[in-house]
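> Pasting structure_24.cif below, which is mmCIF, C-alpha atoms and all ligand atoms.
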```cif
data_input
#
loop_
_atom_site.label_atom_id
_atom_site.label_comp_id
_atom_site.auth_asym_id
_atom_site.auth_seq_id
_atom_site.Cartn_x
_atom_site.Cartn_y
_atom_site.Cartn_z
CA MET H 173 -80.69 -53.16 5.34
CA ILE H 174 -84.37 -52.35 4.77
CA PHE H 175 -85.77 -54.39 7.69
CA ARG H 176 -83.57 -53.18 10.56
CA ASP H 177 -85.54 -53.51 13.86
CA ARG H 178 -88.43 -55.26 12.10
CA ILE H 179 -89.97 -58.38 13.63
CA SER H 180 -91.07 -60.93 11.00
CA ILE H 181 -93.07 -64.12 11.54
CA ILE H 182 -92.53 -66.63 8.73
CA THR H 183 -94.54 -69.87 8.71
CA GLY H 184 -93.32 -73.02 7.00
CA ALA H 185 -89.76 -71.72 7.38
CA SER H 186 -87.93 -75.04 7.68
CA GLN H 187 -87.42 -75.59 3.92
CA GLY H 188 -88.28 -74.44 0.41
CA ILE H 189 -89.64 -70.95 -0.18
CA GLY H 190 -90.15 -70.21 3.54
CA GLU H 191 -86.54 -70.96 4.37
CA VAL H 192 -85.31 -68.63 1.62
CA ILE H 193 -87.69 -65.86 2.76
CA ALA H 194 -86.24 -66.27 6.27
CA HIS H 195 -82.66 -65.86 5.00
CA GLU H 196 -83.57 -62.86 2.82
CA PHE H 197 -85.40 -61.07 5.67
CA ALA H 198 -82.64 -61.80 8.19
CA ALA H 199 -80.06 -60.47 5.73
CA GLU H 200 -82.06 -57.22 5.62
CA GLY H 201 -81.82 -56.89 9.42
CA ALA H 202 -85.18 -58.36 10.51
CA ALA H 203 -85.42 -60.61 13.56
CA VAL H 204 -87.11 -63.65 12.00
CA MET H 205 -89.57 -65.76 13.98
CA LEU H 206 -89.49 -69.17 12.31
CA VAL H 207 -92.62 -71.32 12.62
CA ASP H 208 -92.98 -74.91 11.44
CA ILE H 209 -93.92 -78.42 12.53
CA GLN H 210 -90.40 -79.66 11.65
CA LYS H 211 -88.48 -78.52 14.74
CA ALA H 212 -85.07 -80.06 13.94
CA LYS H 213 -85.01 -78.45 10.49
CA LEU H 214 -86.08 -75.10 11.96
CA ASP H 215 -83.17 -75.27 14.41
CA GLU H 216 -80.78 -75.79 11.47
CA VAL H 217 -82.21 -72.78 9.60
CA ALA H 218 -81.95 -70.62 12.74
CA LYS H 219 -78.34 -71.72 13.23
CA LYS H 220 -77.42 -70.84 9.63
CA ILE H 221 -78.97 -67.39 10.09
CA ALA H 222 -77.17 -66.83 13.39
CA ASP H 223 -73.86 -67.98 11.82
CA LYS H 224 -74.28 -65.20 9.25
CA GLY H 225 -74.88 -62.64 12.02
CA GLY H 226 -78.68 -62.60 11.72
CA LYS H 227 -81.36 -62.85 14.40
CA ALA H 228 -83.74 -65.83 14.46
CA ALA H 229 -86.03 -67.57 16.96
CA VAL H 230 -87.72 -70.93 16.55
CA TYR H 231 -91.37 -71.81 17.31
CA GLU H 232 -92.67 -75.33 16.79
CA ALA H 233 -96.37 -74.99 15.93
CA ASP H 234 -99.05 -76.31 13.61
CA VAL H 235 -100.61 -73.37 11.75
CA SER H 236 -103.97 -75.16 11.63
CA ASN H 237 -104.21 -75.16 15.44
CA TYR H 238 -105.45 -71.80 16.77
CA GLY H 239 -104.29 -72.52 20.32
CA GLN H 240 -100.71 -73.18 19.16
CA VAL H 241 -100.74 -70.17 16.85
CA SER H 242 -101.96 -67.72 19.50
CA ALA H 243 -99.35 -69.08 21.94
CA VAL H 244 -96.61 -68.31 19.36
CA VAL H 245 -97.92 -64.79 18.81
CA GLU H 246 -98.22 -64.10 22.56
CA SER H 247 -94.67 -65.32 23.06
CA VAL H 248 -93.30 -63.12 20.23
CA ILE H 249 -95.10 -60.06 21.58
CA LYS H 250 -93.83 -60.77 25.11
CA ASP H 251 -90.22 -61.08 23.91
CA TYR H 252 -90.11 -58.56 21.03
CA LYS H 253 -93.02 -56.16 21.87
CA LYS H 254 -94.45 -56.03 18.31
CA ILE H 255 -94.93 -57.84 14.99
CA ASP H 256 -94.21 -55.98 11.75
CA HIS H 257 -94.47 -58.75 9.15
CA LEU H 258 -96.53 -61.92 8.92
CA ILE H 259 -95.62 -64.24 6.04
CA ASN H 260 -98.24 -66.99 5.73
CA ASN H 261 -96.13 -69.46 3.76
CA ALA H 262 -96.84 -72.91 5.29
CA GLY H 263 -98.75 -75.10 2.86
CA ILE H 264 -99.40 -78.71 1.92
CA THR H 265 -100.77 -80.69 -1.03
CA LYS H 266 -102.84 -83.87 -0.99
CA ASP H 267 -103.49 -84.33 -4.70
CA GLY H 268 -105.98 -86.62 -6.37
CA PHE H 269 -108.91 -86.55 -8.77
CA LEU H 270 -112.11 -85.48 -7.01
CA LEU H 271 -113.58 -88.88 -7.83
CA ARG H 272 -111.02 -90.44 -5.49
CA MET H 273 -110.28 -87.55 -3.09
CA ARG H 274 -111.04 -88.52 0.48
CA GLU H 275 -112.78 -86.16 2.91
CA GLU H 276 -109.64 -86.17 5.13
CA GLU H 277 -107.54 -84.98 2.16
CA TRP H 278 -109.90 -82.07 1.56
CA ASP H 279 -110.05 -81.18 5.27
CA ALA H 280 -106.26 -81.37 5.82
CA VAL H 281 -105.43 -79.05 2.92
CA ILE H 282 -108.10 -76.50 3.86
CA ALA H 283 -107.02 -76.64 7.53
CA VAL H 284 -103.35 -75.84 6.83
CA ASN H 285 -103.57 -73.66 3.70
CA LEU H 286 -106.69 -71.63 4.51
CA LYS H 287 -107.55 -71.89 8.21
CA GLY H 288 -103.84 -71.50 8.99
CA ILE H 289 -103.94 -68.07 7.35
CA PHE H 290 -107.06 -67.08 9.33
CA ASN H 291 -105.38 -68.31 12.54
CA PHE H 292 -102.15 -66.34 12.17
CA SER H 293 -103.74 -63.21 10.71
CA LYS H 294 -106.33 -63.08 13.50
CA ALA H 295 -103.68 -63.67 16.14
CA VAL H 296 -101.43 -60.79 14.94
CA ILE H 297 -103.96 -58.21 13.78
CA ARG H 298 -104.72 -56.58 17.14
CA SER H 299 -101.04 -55.92 17.76
CA MET H 300 -100.52 -54.54 14.22
CA ILE H 301 -103.55 -52.24 14.60
CA GLY H 302 -102.12 -51.06 17.93
CA SER H 303 -98.81 -50.12 16.33
CA ARG H 304 -100.55 -48.74 13.19
CA TYR H 305 -98.14 -50.69 11.02
CA GLY H 306 -98.10 -54.14 9.48
CA ARG H 307 -97.46 -56.22 6.40
CA ILE H 308 -99.27 -59.50 5.83
CA VAL H 309 -98.26 -61.57 2.79
CA SER H 310 -99.80 -64.99 2.09
CA LEU H 311 -98.57 -67.55 -0.41
CA SER H 312 -101.27 -68.38 -2.93
CA SER H 313 -100.54 -70.27 -6.16
CA VAL H 314 -101.02 -70.06 -9.91
CA VAL H 315 -103.30 -73.05 -9.35
CA GLY H 316 -105.62 -70.88 -7.24
CA LEU H 317 -106.08 -68.64 -10.29
CA MET H 318 -106.27 -71.15 -13.16
CA GLY H 319 -107.22 -74.47 -11.47
CA ASN H 320 -105.39 -77.74 -11.96
CA VAL H 321 -106.36 -81.32 -12.55
CA GLY H 322 -106.01 -83.34 -9.33
CA GLN H 323 -105.78 -80.29 -7.08
CA ALA H 324 -109.40 -79.28 -6.30
CA ASN H 325 -108.61 -79.05 -2.57
CA TYR H 326 -105.32 -77.15 -3.02
CA ALA H 327 -106.76 -74.78 -5.69
CA ALA H 328 -109.78 -74.05 -3.47
CA SER H 329 -107.50 -73.21 -0.53
CA LYS H 330 -105.24 -70.98 -2.64
CA ALA H 331 -108.23 -69.20 -4.28
CA GLY H 332 -109.93 -68.87 -0.88
CA LEU H 333 -106.96 -67.06 0.62
CA ILE H 334 -107.21 -64.44 -2.14
CA GLY H 335 -110.75 -63.57 -1.02
CA PHE H 336 -109.52 -63.48 2.57
CA THR H 337 -106.60 -61.21 1.57
CA LYS H 338 -108.81 -58.71 -0.27
CA SER H 339 -111.33 -58.58 2.59
CA LEU H 340 -108.75 -58.10 5.34
CA ALA H 341 -106.91 -55.53 3.17
CA ARG H 342 -110.09 -53.43 3.09
CA GLU H 343 -110.64 -53.83 6.85
CA VAL H 344 -107.20 -52.61 7.93
CA ALA H 345 -106.02 -50.33 5.11
CA SER H 346 -106.65 -47.17 7.17
CA ARG H 347 -104.42 -48.51 9.99
CA GLY H 348 -101.15 -48.60 8.07
CA ILE H 349 -101.44 -52.33 7.40
CA THR H 350 -101.20 -53.85 3.91
CA VAL H 351 -102.43 -57.35 3.10
CA ASN H 352 -101.33 -59.02 -0.13
CA ALA H 353 -100.80 -62.41 -1.73
CA VAL H 354 -97.99 -63.78 -3.87
CA ALA H 355 -98.99 -66.48 -6.33
CA PRO H 356 -95.99 -68.51 -7.48
CA GLY H 357 -96.04 -70.73 -10.54
CA TYR H 358 -93.88 -73.84 -10.60
CA ILE H 359 -90.98 -73.32 -8.17
CA ALA H 360 -88.24 -75.91 -7.60
CA THR H 361 -88.67 -76.89 -3.90
CA PRO H 362 -89.22 -80.11 -1.91
CA MET H 363 -92.98 -79.66 -2.56
CA THR H 364 -92.57 -80.01 -6.33
CA ALA H 365 -89.52 -82.34 -6.37
CA GLY H 366 -91.72 -85.43 -6.05
CA LEU H 367 -93.94 -84.67 -9.07
CA PRO H 368 -93.79 -87.26 -11.89
CA GLU H 369 -91.44 -86.35 -14.80
CA GLN H 370 -94.44 -86.30 -17.13
CA ALA H 371 -96.13 -83.59 -15.04
CA LYS H 372 -92.89 -81.54 -14.89
CA THR H 373 -92.54 -81.70 -18.69
CA ALA H 374 -96.17 -80.66 -19.11
CA PHE H 375 -95.67 -77.64 -16.82
CA LEU H 376 -92.47 -76.62 -18.63
CA SER H 377 -94.28 -76.59 -21.98
CA ILE H 378 -96.69 -73.86 -20.74
CA ILE H 379 -94.09 -71.59 -19.08
CA PRO H 380 -93.03 -68.82 -21.54
CA VAL H 381 -89.77 -68.19 -19.62
CA GLN H 382 -89.01 -71.91 -20.27
CA ARG H 383 -87.72 -72.84 -16.82
CA PHE H 384 -88.98 -73.46 -13.32
CA GLY H 385 -88.76 -70.63 -10.80
CA LYS H 386 -86.30 -70.35 -7.92
CA PRO H 387 -87.46 -69.86 -4.30
CA ALA H 388 -85.45 -66.60 -4.18
CA GLU H 389 -87.54 -65.21 -7.05
CA VAL H 390 -90.65 -65.62 -4.89
CA ALA H 391 -88.87 -64.33 -1.77
CA HIS H 392 -87.94 -61.12 -3.60
CA ALA H 393 -91.61 -60.35 -4.36
CA VAL H 394 -92.50 -61.01 -0.70
CA LYS H 395 -89.66 -58.76 0.42
CA PHE H 396 -90.83 -55.93 -1.83
CA LEU H 397 -94.41 -56.17 -0.52
CA CYS H 398 -93.03 -55.86 3.04
CA SER H 399 -90.89 -52.85 2.23
CA ASP H 400 -91.85 -49.25 2.98
CA GLU H 401 -91.86 -48.64 -0.80
CA ALA H 402 -94.91 -50.92 -1.11
CA ALA H 403 -97.08 -48.93 1.34
CA TYR H 404 -99.63 -48.09 -1.38
CA ILE H 405 -100.04 -51.69 -2.59
CA THR H 406 -102.77 -53.64 -0.78
CA GLY H 407 -105.30 -56.34 -1.63
CA GLN H 408 -103.19 -57.46 -4.59
CA VAL H 409 -102.06 -60.81 -5.94
CA ILE H 410 -98.53 -60.61 -7.33
CA GLN H 411 -97.86 -63.45 -9.76
CA VAL H 412 -94.36 -64.93 -9.94
CA ASN H 413 -94.82 -67.60 -12.57
CA GLY H 414 -92.58 -67.01 -15.62
CA GLY H 415 -95.67 -66.03 -17.61
CA MET H 416 -97.41 -69.38 -17.05
CA TYR H 417 -100.68 -67.51 -16.37
CA MET H 418 -101.30 -63.86 -17.23
P1 LIG D 501 -92.47 -77.08 1.04
O1 LIG D 501 -93.32 -78.33 1.16
O2 LIG D 501 -91.08 -77.23 0.56
O3 LIG D 501 -92.47 -76.30 2.44
C1 LIG D 501 -93.67 -76.12 3.17
C2 LIG D 501 -93.30 -75.91 4.62
O4 LIG D 501 -94.54 -75.79 5.38
C3 LIG D 501 -92.53 -77.08 5.24
O5 LIG D 501 -91.44 -76.59 5.97
C4 LIG D 501 -93.57 -77.75 6.13
O6 LIG D 501 -93.00 -78.43 7.24
C5 LIG D 501 -94.40 -76.57 6.56
N1 LIG D 501 -95.71 -76.98 7.04
C6 LIG D 501 -96.55 -77.89 6.49
N2 LIG D 501 -97.64 -78.03 7.25
C7 LIG D 501 -97.50 -77.20 8.30
C8 LIG D 501 -98.31 -76.90 9.43
N3 LIG D 501 -99.48 -77.52 9.64
N4 LIG D 501 -97.86 -75.98 10.34
C9 LIG D 501 -96.64 -75.38 10.16
N5 LIG D 501 -95.84 -75.62 9.10
C10 LIG D 501 -96.26 -76.52 8.19
O7 LIG D 501 -93.29 -76.08 0.10
P2 LIG D 501 -92.79 -74.83 -0.78
O8 LIG D 501 -92.71 -75.28 -2.17
O9 LIG D 501 -91.65 -74.14 -0.14
O10 LIG D 501 -94.11 -73.93 -0.68
C11 LIG D 501 -94.24 -72.83 0.20
C12 LIG D 501 -95.59 -72.17 -0.07
O11 LIG D 501 -95.65 -71.75 -1.43
C13 LIG D 501 -96.77 -73.11 0.14
O12 LIG D 501 -97.87 -72.40 0.68
C14 LIG D 501 -97.09 -73.57 -1.26
O13 LIG D 501 -98.42 -73.98 -1.40
C15 LIG D 501 -96.78 -72.32 -2.05
N6 LIG D 501 -96.51 -72.57 -3.46
C16 LIG D 501 -95.45 -73.36 -3.85
C17 LIG D 501 -95.24 -73.57 -5.20
C18 LIG D 501 -94.10 -74.42 -5.73
O14 LIG D 501 -94.04 -74.62 -6.94
N7 LIG D 501 -93.18 -74.90 -4.90
C19 LIG D 501 -96.09 -73.00 -6.14
C20 LIG D 501 -97.15 -72.23 -5.72
C21 LIG D 501 -97.34 -72.01 -4.36
#
```
Could you write out this file's structure as structure tokens?

Amino acid sequence: MIFRDRISIITGASQGIGEVIAHEFAAEGAAVMLVDIQKAKLDEVAKKIADKGGKAAVYEADVSNYGQVSAVVESVIKDYKKIDHLINNAGITKDGFLLRMREEEWDAVIAVNLKGIFNFSKAVIRSMIGSRYGRIVSLSSVVGLMGNVGQANYAASKAGLIGFTKSLAREVASRGITVNAVAPGYIATPMTAGLPEQAKTAFLSIIPVQRFGKPAEVAHAVKFLCSDEAAYITGQVIQVNGGMYM
């Protein structure tokens, strides 16, 4: 168990990639702090983890709201004394061609996908600096690297977090803290389940591995970046995309 006695905050943990990261980290001995806006689903995830002998706590919070985020972090520090891992996984899409994209759709995606990462990273960084240890991993996307029709807001948020990651990595590298991003390609989760068949077929045709990715394949990259073996890796974007973009 590589994460025994580690305290891990995972946002967007009620389903999809975040839920699988939570299970993987708990199985490695971490106490997982599950954050999401979907409280009932979070409770179910926490129960499944506890049933398997793992440790989990549930925090209902909107990552785009700094007040709610800092309250979560204060509560974790009060109860567990430290934070070792922050996994910024919560994310949303509000797709549409720029011609039709409404201002609210731009603002909502930037607020959750980009400001949410600022909020949580800012809230945990003082504690990580104090303990001279930390791992921050944020979920970017292949779309943040190559762009995608109908996703100007999402691509901007996922590209923006890469600049944030590299900057924060430089700021805290000397304090034992690494800051990295994982950029998945097309992963089968509730987020992608609703895409039209035509779009799925188009994606498949540009993936050399010729299949969609599994949430666990992303979770494994996140797990590695949080391990002690990854201490010399910081400011990087690890792509998990079946070769879709190289
Ligand atoms: P998902 O929609 O299945 O899960 C996202 C989770 O985030 C949900 O539990 C949701 O409730 C939570 N969430 C949304 N808004 C929130 C908020 N304001 N505060 C707190 N929680 C909130 O998505 P997923 O496919 O599991 O994606 C996880 C991450 O990986 C996202 O950042 C996504 O952009 C990224 N990603 C996914 C894919 C893919 O193909 N599925 C590809 C590239 C990147």
> Kindly extract all protein, DNA and RNA residues lying within 6 Å of the coordinates (-107.9, -77.7, -1.6) given in the file, considering only C-alpha atoms, and supply them as an MDAnalysis selection string.
chainID H and resid 278 281:282 324:329
> What gap, in Å, lies between CA of Tyr305 in chain H and CA of Ala353 in chain H?
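Between CA of Tyr305 in chain H and CA of Ala353 in chain H the gap works out to 17.5 Å.
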> Contacts between ligand LIG 501 (chain D) and chain H, please, where a residue of chain H counts if it comes within 7 Å (with all atoms listed in the file); show its shortest atom pair and distance in Å to one decimal, rows by chain and ascending number, as CSV.

```
residue,atom,partner,partner_atom,distance
H:Thr183,CA,D:LIG501,N5,5.9
H:Gly184,CA,D:LIG501,O4,3.4
H:Ala185,CA,D:LIG501,O5,5.3
H:Ser186,CA,D:LIG501,O5,4.2
H:Gln187,CA,D:LIG501,O5,4.6
H:Gly188,CA,D:LIG501,O9,3.4
H:Ile189,CA,D:LIG501,O9,3.8
H:Gly190,CA,D:LIG501,O9,5.6
H:Val207,CA,D:LIG501,C9,6.2
H:Asp208,CA,D:LIG501,N5,3.8
H:Ile209,CA,D:LIG501,C9,4.7
H:Gln210,CA,D:LIG501,O6,5.3
H:Ala233,CA,D:LIG501,C9,5.8
H:Asp234,CA,D:LIG501,N4,3.5
H:Val235,CA,D:LIG501,N4,4.0
H:Ser236,CA,D:LIG501,N3,5.4
H:Asn261,CA,D:LIG501,O12,4.6
H:Ala262,CA,D:LIG501,O4,3.7
H:Gly263,CA,D:LIG501,O12,3.6
H:Ile264,CA,D:LIG501,C6,5.4
H:Val284,CA,D:LIG501,N3,5.1
H:Asn285,CA,D:LIG501,O12,6.6
H:Leu311,CA,D:LIG501,O12,5.0
H:Ser312,CA,D:LIG501,C21,5.5
H:Ser313,CA,D:LIG501,C20,3.9
H:Val314,CA,D:LIG501,C20,6.1
H:Ala355,CA,D:LIG501,C20,6.1
H:Pro356,CA,D:LIG501,C20,4.3
H:Gly357,CA,D:LIG501,C19,5.0
H:Tyr358,CA,D:LIG501,O14,3.7
H:Ile359,CA,D:LIG501,O14,3.5
H:Ala360,CA,D:LIG501,N7,5.7
H:Thr361,CA,D:LIG501,O8,4.7
H:Pro362,CA,D:LIG501,O2,4.2
H:Met363,CA,D:LIG501,O1,4.0
H:Thr364,CA,D:LIG501,N7,5.3
```
> Which one is closest to Phe269 in chain H: H:Val321, H:Ala199, H:Ile349, H:Val409? Count all atoms listed in the file.
H:Val321
> Between CA of Ile301 in chain H and CA of Leu258 in chain H, what is the distance in Å, rounded to a tenth?
13.2 Å
> Contacts of Arg347 in chain H at 12 Å or less, counting only C-alpha atoms, minus same-chain residues fewer than 2 places along, as a PyMOL selection string?
chain H and resi 297-307+340-345+349-351+403
> Can you write just those residues out, C-alpha atoms, as a PDB file, keeping the file's coordinate frame?

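What landed in out-v2.pdb:
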```pdb
ATOM      1  CA  ILE H 297    -103.960 -58.210  13.780  1.00  0.00           C
ATOM      2  CA  ARG H 298    -104.720 -56.580  17.140  1.00  0.00           C
ATOM      3  CA  SER H 299    -101.040 -55.920  17.760  1.00  0.00           C
ATOM      4  CA  MET H 300    -100.520 -54.540  14.220  1.00  0.00           C
ATOM      5  CA  ILE H 301    -103.550 -52.240  14.600  1.00  0.00           C
ATOM      6  CA  GLY H 302    -102.120 -51.060  17.930  1.00  0.00           C
ATOM      7  CA  SER H 303     -98.810 -50.120  16.330  1.00  0.00           C
ATOM      8  CA  ARG H 304    -100.550 -48.740  13.190  1.00  0.00           C
ATOM      9  CA  TYR H 305     -98.140 -50.690  11.020  1.00  0.00           C
ATOM     10  CA  GLY H 306     -98.100 -54.140   9.480  1.00  0.00           C
ATOM     11  CA  ARG H 307     -97.460 -56.220   6.400  1.00  0.00           C
ATOM     12  CA  LEU H 340    -108.750 -58.100   5.340  1.00  0.00           C
ATOM     13  CA  ALA H 341    -106.910 -55.530   3.170  1.00  0.00           C
ATOM     14  CA  ARG H 342    -110.090 -53.430   3.090  1.00  0.00           C
ATOM     15  CA  GLU H 343    -110.640 -53.830   6.850  1.00  0.00           C
ATOM     16  CA  VAL H 344    -107.200 -52.610   7.930  1.00  0.00           C
ATOM     17  CA  ALA H 345    -106.020 -50.330   5.110  1.00  0.00           C
ATOM     18  CA  ILE H 349    -101.440 -52.330   7.400  1.00  0.00           C
ATOM     19  CA  THR H 350    -101.200 -53.850   3.910  1.00  0.00           C
ATOM     20  CA  VAL H 351    -102.430 -57.350   3.100  1.00  0.00           C
ATOM     21  CA  ALA H 403     -97.080 -48.930   1.340  1.00  0.00           C
TER      22      ALA H 403
END
```
> Nearest to Val354 in chain H: which of H:Gly415, H:Gly316, H:Gly225, H:Gly322 is it, counting all atoms listed in the file?
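Answer, going by the shortest atom-to-atom distance: H:Gly316.
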> Report the distance between CA of His392 in chain H and CA of Phe197 in chain H in Å, rounded to one decimal place.
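Taking CA of His392 in chain H and CA of Phe197 in chain H, their separation equals 9.6 Å.
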> Which residue is closest to Lys254 in chain H? Choose from H:Val296, H:Leu271, H:Ala218, H:Ala229 and count all atoms listed in the file.
H:Val296
> Would you please work out which residue, of H:Gln370, H:Ser180, H:Asn291, H:Gln323, is nearest to Phe336 in chain H when using only C-alpha atoms?
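Ranked by minimum distance to Phe336 in chain H, first place goes to H:Asn291.
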> Identify which of the residues H:Ser377, H:Asn237, H:Asn352, H:Gln382 lies closest to Lys395 in chain H, counting only C-alpha atoms when measuring atom-to-atom distances.
H:Asn352
> Would you compute, for all listed atoms of range 374-393 of chain H, the axis-aligned bounding box grown by 3 Å on each side, and then report its centre and edge lengths in Å rounded to one decimal, as lines of an AutoDock Vina configuration file?

```
center_x = -91.1
center_y = -70.5
center_z = -11.9
size_x = 17.2
size_y = 26.3
size_z = 26.2
```
> Given the choices H:Gly201, H:Gly226, H:Gly288, H:Gly414, which gets closest to Val241 in chain H if the distance is worked out from only C-alpha atoms?
H:Gly288
